[in-house]
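What follows is the content of upload_17.cif, which has mmCIF, C-alpha atoms and all ligand atoms:
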data_query
loop_
_atom_site.label_atom_id
_atom_site.label_comp_id
_atom_site.auth_asym_id
_atom_site.auth_seq_id
_atom_site.Cartn_x
_atom_site.Cartn_y
_atom_site.Cartn_z
CA MET A 1 -34.31 138.77 -131.24
CA GLY A 2 -37.26 136.64 -132.19
CA LEU A 3 -40.36 134.92 -130.88
CA ILE A 4 -39.80 132.68 -127.87
CA VAL A 5 -42.35 130.34 -126.28
CA GLN A 6 -41.60 129.44 -122.66
CA LYS A 7 -43.65 126.83 -120.79
CA PHE A 8 -43.54 126.48 -117.02
CA GLY A 9 -44.82 123.33 -115.29
CA GLY A 10 -46.62 123.09 -111.96
CA SER A 11 -43.56 122.99 -109.72
CA SER A 12 -42.04 126.02 -111.48
CA VAL A 13 -45.03 128.16 -110.38
CA ALA A 14 -45.86 126.31 -107.15
CA ASN A 15 -45.73 129.34 -104.81
CA ALA A 16 -45.26 133.12 -104.77
CA GLU A 17 -41.48 132.89 -104.72
CA ARG A 18 -41.43 130.52 -107.70
CA VAL A 19 -43.89 132.72 -109.60
CA MET A 20 -41.57 135.70 -109.06
CA ASN A 21 -38.65 133.56 -110.27
CA VAL A 22 -40.59 132.76 -113.47
CA ALA A 23 -41.43 136.44 -113.92
CA ASP A 24 -37.70 137.12 -113.74
CA ILE A 25 -36.90 134.50 -116.44
CA VAL A 26 -39.67 135.79 -118.71
CA THR A 27 -38.82 139.47 -118.37
CA SER A 28 -35.10 138.79 -118.90
CA THR A 29 -35.99 137.15 -122.22
CA TYR A 30 -38.26 140.10 -123.08
CA LYS A 31 -35.54 142.62 -122.14
CA GLU A 32 -33.24 141.01 -124.71
CA GLY A 33 -35.69 142.25 -127.34
CA ASN A 34 -37.73 139.10 -127.88
CA ASP A 35 -41.46 138.65 -128.21
CA VAL A 36 -42.42 136.22 -125.44
CA VAL A 37 -45.42 133.91 -125.15
CA VAL A 38 -45.56 132.07 -121.83
CA VAL A 39 -47.61 128.92 -121.22
CA VAL A 40 -48.31 127.90 -117.63
CA SER A 41 -49.59 124.82 -115.82
CA ALA A 42 -51.60 124.89 -112.61
CA GLN A 43 -49.59 125.57 -109.44
CA GLY A 44 -47.97 122.54 -107.75
CA ASP A 45 -50.52 119.79 -107.12
CA THR A 46 -53.54 121.98 -107.89
CA THR A 47 -54.92 119.68 -110.59
CA ASP A 48 -54.73 116.64 -108.28
CA ASP A 49 -56.29 118.67 -105.45
CA LEU A 50 -59.17 119.76 -107.68
CA ILE A 51 -59.78 116.15 -108.72
CA ALA A 52 -59.88 115.16 -105.02
CA LYS A 53 -62.39 117.94 -104.30
CA ALA A 54 -64.63 116.69 -107.10
CA GLU A 55 -64.43 113.12 -105.80
CA GLU A 56 -65.59 114.28 -102.36
CA ILE A 57 -68.77 115.57 -103.94
CA ASN A 58 -69.42 113.23 -106.87
CA PRO A 59 -66.95 110.50 -107.88
CA GLY A 60 -69.05 109.95 -111.01
CA ALA A 61 -69.00 113.59 -112.13
CA SER A 62 -69.32 114.13 -115.88
CA LYS A 63 -66.16 114.79 -117.86
CA ARG A 64 -67.61 118.11 -118.97
CA GLU A 65 -67.90 119.36 -115.40
CA MET A 66 -64.46 117.96 -114.55
CA ASP A 67 -62.96 120.02 -117.38
CA MET A 68 -64.86 123.08 -116.20
CA LEU A 69 -63.24 122.56 -112.79
CA LEU A 70 -59.70 121.63 -113.86
CA THR A 71 -59.27 124.54 -116.28
CA ALA A 72 -59.55 126.84 -113.25
CA GLY A 73 -56.10 125.70 -112.05
CA GLU A 74 -54.32 127.20 -115.04
CA GLN A 75 -56.40 130.38 -114.83
CA ILE A 76 -55.03 131.00 -111.35
CA SER A 77 -51.39 130.53 -112.29
CA ALA A 78 -51.67 132.61 -115.48
CA SER A 79 -53.19 135.59 -113.69
CA LEU A 80 -50.73 135.34 -110.78
CA LEU A 81 -47.79 135.24 -113.17
CA ALA A 82 -49.17 138.25 -115.06
CA MET A 83 -49.43 140.12 -111.73
CA ALA A 84 -45.82 139.23 -110.93
CA ILE A 85 -44.70 140.55 -114.33
CA GLU A 86 -46.75 143.74 -113.79
CA LYS A 87 -44.99 144.17 -110.47
CA LEU A 88 -41.62 144.09 -112.25
CA GLY A 89 -42.90 146.90 -114.45
CA TYR A 90 -43.45 145.13 -117.77
CA PRO A 91 -46.52 145.17 -120.05
CA VAL A 92 -48.33 141.84 -119.86
CA VAL A 93 -51.69 140.23 -120.51
CA SER A 94 -52.96 136.78 -119.50
CA LEU A 95 -55.29 134.81 -121.77
CA LEU A 96 -57.41 131.71 -121.29
CA GLY A 97 -57.15 128.92 -123.85
CA TRP A 98 -60.19 130.12 -125.82
CA GLN A 99 -58.95 133.71 -125.88
CA ALA A 100 -55.62 132.48 -127.23
CA GLY A 101 -57.49 130.66 -130.02
CA PHE A 102 -57.35 126.99 -128.95
CA LEU A 103 -60.24 125.18 -130.65
CA THR A 104 -60.43 121.52 -129.70
CA SER A 105 -62.44 118.38 -130.23
CA SER A 106 -65.24 117.67 -127.77
CA ALA A 107 -63.53 114.72 -126.06
CA TYR A 108 -63.66 116.20 -122.57
CA SER A 109 -60.58 115.29 -120.47
CA SER A 110 -58.58 114.26 -123.55
CA ALA A 111 -59.47 116.80 -126.22
CA ARG A 112 -57.32 117.21 -129.32
CA ILE A 113 -56.36 120.62 -130.66
CA LYS A 114 -58.21 121.04 -133.96
CA THR A 115 -57.03 124.53 -134.82
CA LEU A 116 -55.15 127.27 -133.13
CA ARG A 117 -56.06 130.79 -134.24
CA PRO A 118 -53.51 133.02 -132.57
CA GLU A 119 -54.87 136.42 -133.75
CA ARG A 120 -55.31 137.70 -130.22
CA ILE A 121 -51.82 136.57 -129.22
CA ARG A 122 -50.43 138.37 -132.29
CA LYS A 123 -52.35 141.55 -131.47
CA GLU A 124 -51.02 141.57 -127.93
CA LEU A 125 -47.45 140.93 -129.12
CA ASP A 126 -47.83 143.82 -131.58
CA LYS A 127 -48.72 146.01 -128.58
CA LYS A 128 -45.41 144.79 -127.06
CA HIS A 129 -47.17 142.80 -124.36
CA ILE A 130 -45.74 139.68 -122.82
CA VAL A 131 -48.54 137.14 -123.36
CA VAL A 132 -49.27 134.54 -120.67
CA VAL A 133 -51.53 131.69 -121.85
CA THR A 134 -53.19 128.99 -119.75
CA GLY A 135 -51.87 125.58 -120.81
CA PHE A 136 -53.84 122.31 -120.97
CA GLN A 137 -57.10 123.86 -122.17
CA GLY A 138 -59.22 124.98 -125.08
CA VAL A 139 -62.80 125.30 -126.10
CA ASN A 140 -64.94 123.01 -128.27
CA ARG A 141 -67.48 123.91 -130.93
CA TYR A 142 -70.15 124.39 -128.28
CA ASN A 143 -67.90 126.96 -126.57
CA ASP A 144 -67.45 124.60 -123.63
CA MET A 145 -64.12 124.38 -121.83
CA THR A 146 -62.05 121.27 -122.59
CA THR A 147 -58.76 119.90 -121.31
CA LEU A 148 -56.05 118.16 -123.32
CA GLY A 149 -55.28 115.32 -120.88
CA ARG A 150 -52.81 115.22 -117.99
CA GLY A 151 -49.52 116.91 -118.75
CA GLY A 152 -51.20 118.69 -121.67
CA SER A 153 -49.59 122.11 -121.13
CA ASP A 154 -46.50 120.87 -122.98
CA THR A 155 -48.73 120.34 -126.02
CA SER A 156 -50.25 123.83 -125.68
CA ALA A 157 -46.75 125.33 -125.78
CA VAL A 158 -45.62 123.29 -128.78
CA ALA A 159 -48.84 124.15 -130.65
CA ILE A 160 -48.22 127.89 -130.18
CA ALA A 161 -44.57 127.50 -131.21
CA ALA A 162 -45.60 125.52 -134.31
CA VAL A 163 -48.40 127.80 -135.50
CA MET A 164 -46.54 131.04 -134.77
CA ARG A 165 -43.23 129.67 -136.09
CA ALA A 166 -41.42 130.56 -132.89
CA ASP A 167 -37.65 130.71 -132.92
CA ARG A 168 -37.40 128.73 -129.70
CA CYS A 169 -39.70 126.59 -127.51
CA GLN A 170 -38.40 126.14 -124.00
CA ILE A 171 -40.02 123.69 -121.59
CA PHE A 172 -39.02 124.75 -118.09
CA THR A 173 -39.43 122.12 -115.41
CA ASP A 174 -38.03 120.96 -112.06
CA VAL A 175 -35.10 118.88 -113.42
CA GLU A 176 -32.23 120.05 -115.62
CA GLY A 177 -33.33 118.25 -118.78
CA VAL A 178 -34.06 114.78 -120.10
CA TYR A 179 -32.05 112.14 -118.26
CA THR A 180 -31.17 108.51 -119.00
CA ALA A 181 -33.73 107.58 -116.29
CA ASP A 182 -35.90 109.52 -113.84
CA PRO A 183 -33.22 111.49 -111.91
CA ARG A 184 -35.42 111.48 -108.81
CA LYS A 185 -35.44 107.69 -108.70
CA VAL A 186 -32.12 106.61 -110.24
CA PRO A 187 -29.11 108.30 -108.64
CA GLY A 188 -26.71 107.54 -111.54
CA ALA A 189 -29.04 109.00 -114.18
CA ARG A 190 -27.23 111.42 -116.46
CA LYS A 191 -28.47 114.40 -118.39
CA LEU A 192 -28.59 114.12 -122.18
CA ASP A 193 -27.37 117.08 -124.24
CA ALA A 194 -29.71 116.08 -127.04
CA ILE A 195 -32.22 113.40 -127.97
CA THR A 196 -34.15 112.69 -131.19
CA TYR A 197 -37.90 113.17 -131.45
CA ASP A 198 -38.37 109.44 -132.02
CA GLU A 199 -36.44 108.41 -128.93
CA MET A 200 -38.12 111.10 -126.82
CA LEU A 201 -41.52 110.04 -128.10
CA GLU A 202 -40.86 106.44 -127.05
CA LEU A 203 -39.51 107.50 -123.64
CA ALA A 204 -42.48 109.80 -123.03
CA THR A 205 -44.99 107.15 -124.13
CA LEU A 206 -43.27 104.51 -121.99
CA GLY A 207 -43.52 106.57 -118.81
CA ALA A 208 -40.87 109.34 -118.73
CA GLN A 209 -43.15 112.11 -117.51
CA VAL A 210 -40.75 114.95 -118.29
CA LEU A 211 -42.49 115.62 -121.63
CA ASN A 212 -46.01 114.76 -122.64
CA ASN A 213 -45.91 112.32 -125.58
CA ARG A 214 -48.43 114.28 -127.66
CA SER A 215 -46.25 117.37 -127.41
CA VAL A 216 -43.28 115.43 -128.78
CA GLU A 217 -45.39 114.01 -131.60
CA MET A 218 -46.49 117.53 -132.52
CA ALA A 219 -42.96 118.93 -132.22
CA LYS A 220 -41.73 116.27 -134.65
CA LYS A 221 -44.58 116.86 -137.08
CA TYR A 222 -43.97 120.62 -137.26
CA GLY A 223 -40.21 120.57 -136.73
CA VAL A 224 -40.32 122.50 -133.45
CA GLU A 225 -37.02 122.10 -131.64
CA LEU A 226 -37.59 121.79 -127.89
CA GLU A 227 -35.29 122.72 -125.06
CA VAL A 228 -36.04 121.05 -121.72
CA ILE A 229 -34.50 123.17 -118.99
CA SER A 230 -34.75 123.80 -115.24
CA SER A 231 -36.56 126.93 -114.08
CA LEU A 232 -34.68 126.62 -110.79
CA THR A 233 -31.01 126.32 -111.84
CA ARG A 234 -31.43 127.60 -115.44
CA ALA A 235 -28.48 125.36 -116.42
CA LYS A 236 -28.11 124.25 -120.05
CA GLY A 237 -30.82 121.68 -120.73
CA THR A 238 -31.60 118.99 -123.30
CA ILE A 239 -32.44 119.69 -126.94
CA VAL A 240 -35.09 117.50 -128.57
CA LYS A 241 -34.76 117.50 -132.36
CA GLU A 242 -34.81 115.41 -135.52
CA ASP A 243 -31.22 114.35 -135.68
CA CYS A 244 -28.52 114.42 -133.05
CA LYS A 245 -25.23 112.92 -133.92
CA MET A 246 -23.29 114.47 -131.05
CA GLU A 247 -23.66 111.50 -128.74
CA LYS A 248 -23.57 108.05 -130.29
CA MET A 249 -25.41 106.17 -127.64
CA LEU A 250 -26.61 102.62 -127.68
CA ILE A 251 -29.41 103.37 -125.25
CA SER A 252 -30.77 106.83 -124.53
CA GLY A 253 -32.90 105.96 -121.56
CA VAL A 254 -34.79 103.61 -119.26
CA ALA A 255 -38.45 104.32 -118.46
CA LYS A 256 -41.04 102.83 -116.14
CA ASP A 257 -44.82 102.80 -116.46
CA ASP A 258 -46.71 101.36 -113.53
CA LYS A 259 -50.11 102.49 -114.74
CA VAL A 260 -50.74 99.31 -116.70
CA ALA A 261 -52.83 96.17 -116.24
CA ARG A 262 -52.46 92.74 -117.81
CA PHE A 263 -55.39 90.67 -119.07
CA SER A 264 -55.37 87.03 -120.19
CA ILE A 265 -58.18 85.24 -121.98
CA ILE A 266 -57.63 81.58 -121.26
CA GLY A 267 -58.71 78.72 -123.52
CA VAL A 268 -59.69 80.70 -126.62
CA PRO A 269 -60.71 78.28 -129.43
CA ASP A 270 -57.79 78.06 -131.90
CA ARG A 271 -59.72 79.43 -134.91
CA PRO A 272 -59.01 82.32 -137.29
CA GLY A 273 -60.68 85.68 -136.54
CA LEU A 274 -60.97 85.55 -132.76
CA ALA A 275 -58.07 87.92 -132.04
CA PHE A 276 -59.59 90.29 -134.58
CA LYS A 277 -62.96 90.16 -132.81
CA ILE A 278 -61.50 90.70 -129.34
CA PHE A 279 -59.28 93.63 -130.26
CA SER A 280 -61.82 95.35 -132.46
CA LYS A 281 -64.31 95.30 -129.57
CA LEU A 282 -61.71 97.03 -127.40
CA GLY A 283 -60.71 99.42 -130.18
CA ALA A 284 -64.33 100.48 -130.66
CA LYS A 285 -64.31 101.76 -127.06
CA ASN A 286 -60.97 103.52 -127.53
CA VAL A 287 -59.07 101.02 -125.38
CA ASN A 288 -55.46 100.98 -126.56
CA VAL A 289 -53.87 97.57 -126.31
CA ASP A 290 -50.13 97.45 -125.86
CA ILE A 291 -48.05 94.28 -125.42
CA ILE A 292 -49.83 91.23 -126.91
CA LEU A 293 -48.77 87.64 -126.35
CA GLN A 294 -50.46 84.58 -127.78
CA SER A 295 -49.53 81.10 -126.62
CA ILE A 296 -49.15 78.30 -129.13
CA GLY A 297 -52.30 76.28 -129.65
CA ARG A 298 -52.73 73.06 -127.70
CA ASN A 299 -55.80 70.82 -127.53
CA GLY A 300 -57.51 73.19 -129.95
CA THR A 301 -57.22 76.23 -127.67
CA LYS A 302 -54.78 79.05 -126.97
CA ASP A 303 -54.36 81.86 -124.44
CA ILE A 304 -54.23 85.52 -125.43
CA SER A 305 -52.63 88.01 -123.03
CA PHE A 306 -52.31 91.77 -123.44
CA THR A 307 -51.80 94.95 -121.49
CA VAL A 308 -53.91 98.11 -121.32
CA ALA A 309 -53.52 101.38 -119.43
CA LYS A 310 -54.88 101.07 -115.88
CA GLU A 311 -57.42 103.81 -116.63
CA HIS A 312 -58.96 101.45 -119.22
CA MET A 313 -59.06 98.42 -116.93
CA GLN A 314 -62.71 98.76 -115.97
CA THR A 315 -63.84 99.34 -119.56
CA THR A 316 -61.85 96.27 -120.64
CA LEU A 317 -63.47 94.19 -117.91
CA ASP A 318 -66.93 95.47 -118.83
CA ILE A 319 -66.39 94.56 -122.48
CA LEU A 320 -64.71 91.20 -122.03
CA THR A 321 -66.45 89.66 -119.00
CA PRO A 322 -69.70 88.96 -120.88
CA TYR A 323 -67.83 88.22 -124.10
CA VAL A 324 -65.60 85.38 -122.84
CA GLU A 325 -68.43 82.86 -122.85
CA GLN A 326 -69.61 83.98 -126.28
CA LEU A 327 -66.09 83.40 -127.58
CA GLY A 328 -66.12 79.89 -126.19
CA ALA A 329 -63.08 80.71 -123.98
CA THR A 330 -62.59 79.28 -120.49
CA SER A 331 -61.91 82.38 -118.39
CA LEU A 332 -60.66 85.94 -118.13
CA VAL A 333 -57.98 86.84 -115.61
CA TYR A 334 -56.34 90.18 -114.94
CA ASP A 335 -53.60 91.68 -112.81
CA ASP A 336 -53.00 95.34 -112.05
CA GLN A 337 -49.90 94.74 -109.92
CA VAL A 338 -47.60 94.90 -112.91
CA ALA A 339 -45.27 97.49 -114.44
CA LYS A 340 -43.68 97.97 -117.80
CA VAL A 341 -39.97 98.76 -117.86
CA SER A 342 -38.44 99.78 -121.17
CA ILE A 343 -35.16 100.74 -122.76
CA VAL A 344 -35.14 103.13 -125.70
CA GLY A 345 -32.34 103.91 -128.14
CA ALA A 346 -31.90 104.38 -131.87
CA GLY A 347 -28.51 102.66 -131.52
CA MET A 348 -30.00 99.26 -130.66
CA GLU A 349 -31.16 98.75 -134.23
CA SER A 350 -27.61 98.11 -135.36
CA HIS A 351 -26.33 96.39 -132.20
CA PRO A 352 -27.34 92.80 -131.56
CA GLY A 353 -27.33 91.63 -127.96
CA VAL A 354 -29.02 94.64 -126.39
CA ALA A 355 -32.02 92.57 -125.35
CA ALA A 356 -29.72 89.95 -123.83
CA GLN A 357 -27.98 92.65 -121.78
CA MET A 358 -31.32 93.93 -120.49
CA PHE A 359 -32.54 90.43 -119.60
CA GLU A 360 -29.20 89.67 -117.92
CA ALA A 361 -29.66 92.69 -115.66
CA LEU A 362 -33.10 91.36 -114.66
CA PHE A 363 -31.77 87.84 -114.16
CA GLU A 364 -28.95 89.11 -111.92
CA SER A 365 -31.56 90.86 -109.80
CA ASN A 366 -33.76 87.77 -109.76
CA ILE A 367 -36.64 89.56 -111.46
CA ASN A 368 -39.10 87.50 -113.44
CA ILE A 369 -40.22 88.67 -116.90
CA ARG A 370 -43.90 88.11 -117.68
CA MET A 371 -44.13 89.59 -121.17
CA ILE A 372 -41.74 91.11 -123.70
CA SER A 373 -42.32 93.48 -126.59
CA THR A 374 -39.84 95.06 -129.00
CA SER A 375 -39.66 97.59 -131.82
CA GLU A 376 -36.67 98.95 -133.76
CA ILE A 377 -35.79 101.39 -131.01
CA LYS A 378 -37.28 99.97 -127.81
CA ILE A 379 -37.56 96.84 -125.70
CA SER A 380 -40.24 96.61 -123.01
CA VAL A 381 -40.74 93.96 -120.35
CA LEU A 382 -43.72 93.47 -118.10
CA ILE A 383 -42.78 92.57 -114.52
CA ASP A 384 -44.27 92.64 -111.02
CA ILE A 385 -44.88 96.19 -109.82
CA ALA A 386 -42.94 95.47 -106.62
CA ASP A 387 -39.78 94.83 -108.68
CA ALA A 388 -40.11 97.87 -110.94
CA ASP A 389 -37.78 100.38 -109.27
CA ARG A 390 -35.14 97.70 -108.68
CA ALA A 391 -35.41 96.69 -112.33
CA VAL A 392 -34.93 100.26 -113.59
CA THR A 393 -31.82 100.70 -111.45
CA ALA A 394 -30.35 97.33 -112.47
CA ILE A 395 -30.98 97.88 -116.18
CA HIS A 396 -29.70 101.44 -116.00
CA SER A 397 -26.43 100.40 -114.40
CA LYS A 398 -26.00 97.64 -116.97
CA PHE A 399 -25.96 100.22 -119.77
CA PHE A 400 -24.58 103.30 -118.04
CA THR A 401 -21.56 103.32 -115.79
CA PRO A 402 -20.46 106.62 -114.23
CA ASP A 403 -17.79 107.23 -116.92
CA VAL A 404 -18.81 105.21 -119.94
CA VAL A 405 -21.99 105.91 -121.83
CA GLY A 406 -23.41 102.95 -123.74
CA GLN A 407 -20.69 101.16 -125.65
P1 LIG A 501 -43.83 119.79 -114.99
O1 LIG A 501 -44.70 120.06 -113.81
O2 LIG A 501 -42.74 120.81 -115.15
O3 LIG A 501 -44.61 119.55 -116.25
P2 LIG A 501 -43.45 116.95 -114.66
O4 LIG A 501 -43.61 116.51 -113.24
O5 LIG A 501 -44.57 116.70 -115.60
O6 LIG A 501 -43.02 118.48 -114.65
O7 LIG A 501 -42.12 116.29 -115.29
C1 LIG A 501 -40.88 116.42 -114.64
C2 LIG A 501 -40.56 115.16 -113.87
O8 LIG A 501 -40.39 114.07 -114.78
C3 LIG A 501 -39.26 115.21 -113.12
O9 LIG A 501 -39.43 115.78 -111.85
C4 LIG A 501 -38.82 113.75 -113.07
O10 LIG A 501 -39.03 113.17 -111.81
C5 LIG A 501 -39.72 113.05 -114.09
N1 LIG A 501 -38.97 112.22 -115.04
C6 LIG A 501 -39.28 110.92 -115.36
N2 LIG A 501 -38.42 110.42 -116.24
C7 LIG A 501 -37.53 111.41 -116.53
C8 LIG A 501 -36.38 111.50 -117.39
N3 LIG A 501 -35.98 110.47 -118.15
N4 LIG A 501 -35.70 112.66 -117.43
C9 LIG A 501 -36.08 113.72 -116.67
N5 LIG A 501 -37.15 113.69 -115.83
C10 LIG A 501 -37.88 112.56 -115.76
N1 LIG A 502 -52.17 120.92 -114.80
C1 LIG A 502 -52.31 119.83 -115.74
C2 LIG A 502 -51.87 118.52 -115.09
O1 LIG A 502 -51.49 118.51 -113.93
C3 LIG A 502 -51.60 120.07 -117.03
C4 LIG A 502 -50.09 120.09 -116.97
O2 LIG A 502 -49.50 120.15 -115.88
O3 LIG A 502 -49.47 120.07 -118.04
O4 LIG A 502 -51.93 117.50 -115.71
MG MG A 503 -45.55 117.85 -117.11
#
For this file, write the structure as structure tokens.
Amino acid sequence: MGLIVQKFGGSSVANAERVMNVADIVTSTYKEGNDVVVVVSAQGDTTDDLIAKAEEINPGASKREMDMLLTAGEQISASLLAMAIEKLGYPVVSLLGWQAGFLTSSAYSSARIKTLRPERIRKELDKKHIVVVTGFQGVNRYNDMTTLGRGGSDTSAVAIAAVMRADRCQIFTDVEGVYTADPRKVPGARKLDAITYDEMLELATLGAQVLNNRSVEMAKKYGVELEVISSLTRAKGTIVKEDCKMEKMLISGVAKDDKVARFSIIGVPDRPGLAFKIFSKLGAKNVNVDIILQSIGRNGTKDISFTVAKEHMQTTLDILTPYVEQLGATSLVYDDQVAKVSIVGAGMESHPGVAAQMFEALFESNINIRMISTSEIKISVLIDIADADRAVTAIHSKFFTPDVVGQ
């Protein structure tokens, strides 16, 4: 008996049958004597469909109106799930983000949760209601609807679990847990019993969509243990927590991110301060720069290359195109036909040669590396987008054979 937060993603509530299946999971947990708070995403591809509808009318719609539109998706699934639970004969109430107490910043489309005041949720739980909350949304100080960014329902669930000190936070999805690579793309991918917050955070940031990276960051900060589990098979999932010694793995996963673009500023004068100027201009417009590569100086100039998220490509172009001349550089070139493929694993810190193994896999597949970046627990390479899936498979089979995990 305790307080359990259960989050269901879009595919878990995609149609009437799936909604009834979720109602069954939720009410079974309630029947065991638990208080249950449920967080839902919009049904299936609803969010994408709503974005397409907006684009038909006004591709330049304001972010405020986009948030007003997109929050409707979660309202539909929350009310439908509540109706399904009512049908099974259990007391239930559905709440929008603001009713559940989500106060956010005003950054429409990527708002941050400032505070969560769960008084209403508590009141409803005291009345023995199952509480269904719309994920992905909140309200800012002007009482306007905001969204937390794509995949943000995971963060809504973790926030509730953290603030209400839930005994369990279960993230139900359409795969059986966190795998060593996307199980839909890499046939040999295997399910992990457990993974650390740090490794999961890297995997999520580097493209493993199964958990939103901000939710993992928050789970780590507040010590919320997560269980990633399938709403369809209900088989034992993956636990995300601080420390997991059960599996000593060299590498915990391979991830791909094809939503990146590479920029190069050619012929930058080889003087101190120019990198500072370039990157602070980008930083001022909230453009996050990832891999950075600077060539050695020759003839008094150097080239600076870096990657940004594709969604920031236009902003980067707008900032740098007029600036190149001012810098005294020769030209600006960019390429959005690239992808970042990464390996993540706490074990690599103490094992030399991991990078060599990764590069060997790419070499054997005749895949050219354009940029490399490393940290204690990850190695990323930038390659042509056309090679990305092949690269993930080749790297994955270098580190994971059907019977042997890592080394
Ligand atoms: P939800 O709608 O439940 O939030 P998402 O589509 O956001 O689900 O995330 C689940 C998907 O993440 C899976 O269907 C899978 O294809 C993808 N995925 C990518 N990398 C991984 C990984 N390493 N482990 C598990 N799933 C992954
Ligand atoms: N419905 C939102 C999205 O598609 C939020 C979520 O699924 O977590 O991004
Ligand atoms: Mg998701």
Subject >> Surroundings of ligand MG 503 (chain A) up to 9 Å, based on all atoms listed in the file, as a ChimeraX atom specification >> reply: /A:8-10,41,150-154,173,209-212
**OP:** Name all residues at most 9 Å from region 90-104 of chain A (count all atoms listed in the file; drop same-chain ones fewer than 6 positions away) and give them as a PyMOL selection string.
**Re:** chain A and resi 27+30+71+74-75+78-79+81-83+111-121+124+127-141+143+145-148+156
What does the file look like for those residues with C-alpha atoms, as an mmCIF file, in the coordinates of the input?
data_model
loop_
_atom_site.group_PDB
_atom_site.id
_atom_site.type_symbol
_atom_site.label_atom_id
_atom_site.label_comp_id
_atom_site.auth_asym_id
_atom_site.auth_seq_id
_atom_site.Cartn_x
_atom_site.Cartn_y
_atom_site.Cartn_z
ATOM 1 C CA THR A 27 -38.820 139.470 -118.370
ATOM 2 C CA TYR A 30 -38.260 140.100 -123.080
ATOM 3 C CA THR A 71 -59.270 124.540 -116.280
ATOM 4 C CA GLU A 74 -54.320 127.200 -115.040
ATOM 5 C CA GLN A 75 -56.400 130.380 -114.830
ATOM 6 C CA ALA A 78 -51.670 132.610 -115.480
ATOM 7 C CA SER A 79 -53.190 135.590 -113.690
ATOM 8 C CA LEU A 81 -47.790 135.240 -113.170
ATOM 9 C CA ALA A 82 -49.170 138.250 -115.060
ATOM 10 C CA MET A 83 -49.430 140.120 -111.730
ATOM 11 C CA ALA A 111 -59.470 116.800 -126.220
ATOM 12 C CA ARG A 112 -57.320 117.210 -129.320
ATOM 13 C CA ILE A 113 -56.360 120.620 -130.660
ATOM 14 C CA LYS A 114 -58.210 121.040 -133.960
ATOM 15 C CA THR A 115 -57.030 124.530 -134.820
ATOM 16 C CA LEU A 116 -55.150 127.270 -133.130
ATOM 17 C CA ARG A 117 -56.060 130.790 -134.240
ATOM 18 C CA PRO A 118 -53.510 133.020 -132.570
ATOM 19 C CA GLU A 119 -54.870 136.420 -133.750
ATOM 20 C CA ARG A 120 -55.310 137.700 -130.220
ATOM 21 C CA ILE A 121 -51.820 136.570 -129.220
ATOM 22 C CA GLU A 124 -51.020 141.570 -127.930
ATOM 23 C CA LYS A 127 -48.720 146.010 -128.580
ATOM 24 C CA LYS A 128 -45.410 144.790 -127.060
ATOM 25 C CA HIS A 129 -47.170 142.800 -124.360
ATOM 26 C CA ILE A 130 -45.740 139.680 -122.820
ATOM 27 C CA VAL A 131 -48.540 137.140 -123.360
ATOM 28 C CA VAL A 132 -49.270 134.540 -120.670
ATOM 29 C CA VAL A 133 -51.530 131.690 -121.850
ATOM 30 C CA THR A 134 -53.190 128.990 -119.750
ATOM 31 C CA GLY A 135 -51.870 125.580 -120.810
ATOM 32 C CA PHE A 136 -53.840 122.310 -120.970
ATOM 33 C CA GLN A 137 -57.100 123.860 -122.170
ATOM 34 C CA GLY A 138 -59.220 124.980 -125.080
ATOM 35 C CA VAL A 139 -62.800 125.300 -126.100
ATOM 36 C CA ASN A 140 -64.940 123.010 -128.270
ATOM 37 C CA ARG A 141 -67.480 123.910 -130.930
ATOM 38 C CA ASN A 143 -67.900 126.960 -126.570
ATOM 39 C CA MET A 145 -64.120 124.380 -121.830
ATOM 40 C CA THR A 146 -62.050 121.270 -122.590
ATOM 41 C CA THR A 147 -58.760 119.900 -121.310
ATOM 42 C CA LEU A 148 -56.050 118.160 -123.320
ATOM 43 C CA SER A 156 -50.250 123.830 -125.680
#
Subject >> Nearby polymer residues, ligand LIG 501 (chain A), at most 10 Å, only C-alpha atoms and all ligand atoms, as a ChimeraX atom specification >> reply: /A:7-14,40-45,150-154,171-186,189-192,200,203-204,206-212,228-231,238,252-257
**OP:** Quick one: everything within 10 Å of Thr330 (chain A), counting all atoms listed in the file, minus sequence neighbours fewer than 5 positions away in the same chain. Send it as an MDAnalysis selection string.
**Re:** chainID A and resid 265:269 301 303 324:325
Report, as JSON, the axis-aligned box around all atoms of ligand LIG 502 (chain A) present in the file, extended by 4 Å on each side; give centre and edge lengths in Å to one decimal place.
{"center_x": -50.9, "center_y": 119.2, "center_z": -116.0, "size_x": 10.8, "size_y": 11.4, "size_z": 12.1}
Original post:
Between CA of Ala346 (chain A) and CA of Glu376 (chain A), what is the distance, to one decimal in Å?
Top reply: 7.5 Å
Original post:
Expressed in Å to a single decimal, how great is the separation between CA of Lys220 (chain A) and CA of Leu201 (chain A)?
Top reply: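 Pair CA of Lys220 (chain A) / CA of Leu201 (chain A) returns 9.0 Å.
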Original post:
Quick one: of A:Glu56, A:Asp270, A:Asp49, A:Asp243, who's nearest to ligand LIG 502 (chain A), counting all atoms listed in the file?
Top reply: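 Among the listed residues, A:Asp49 lies closest to ligand LIG 502 (chain A).
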Original post:
So which residues are close to (-56.4, 97.8, -119.6), meaning at most 10 Å away in the file's coordinates with all atoms listed in the file counted, and can you show them as a list in words?
Top reply: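 Every residue inside that radius is included here: Lys259, Val260, Ala261, Arg262, Phe263, Leu282, Val287, Asn288, Val289, Asp290, Phe306, Thr307, Val308, Ala309, Lys310, Glu311, His312, Met313, Gln314, Thr315, Thr316, Leu317, Tyr334, Asp335 and Asp336 of chain A.
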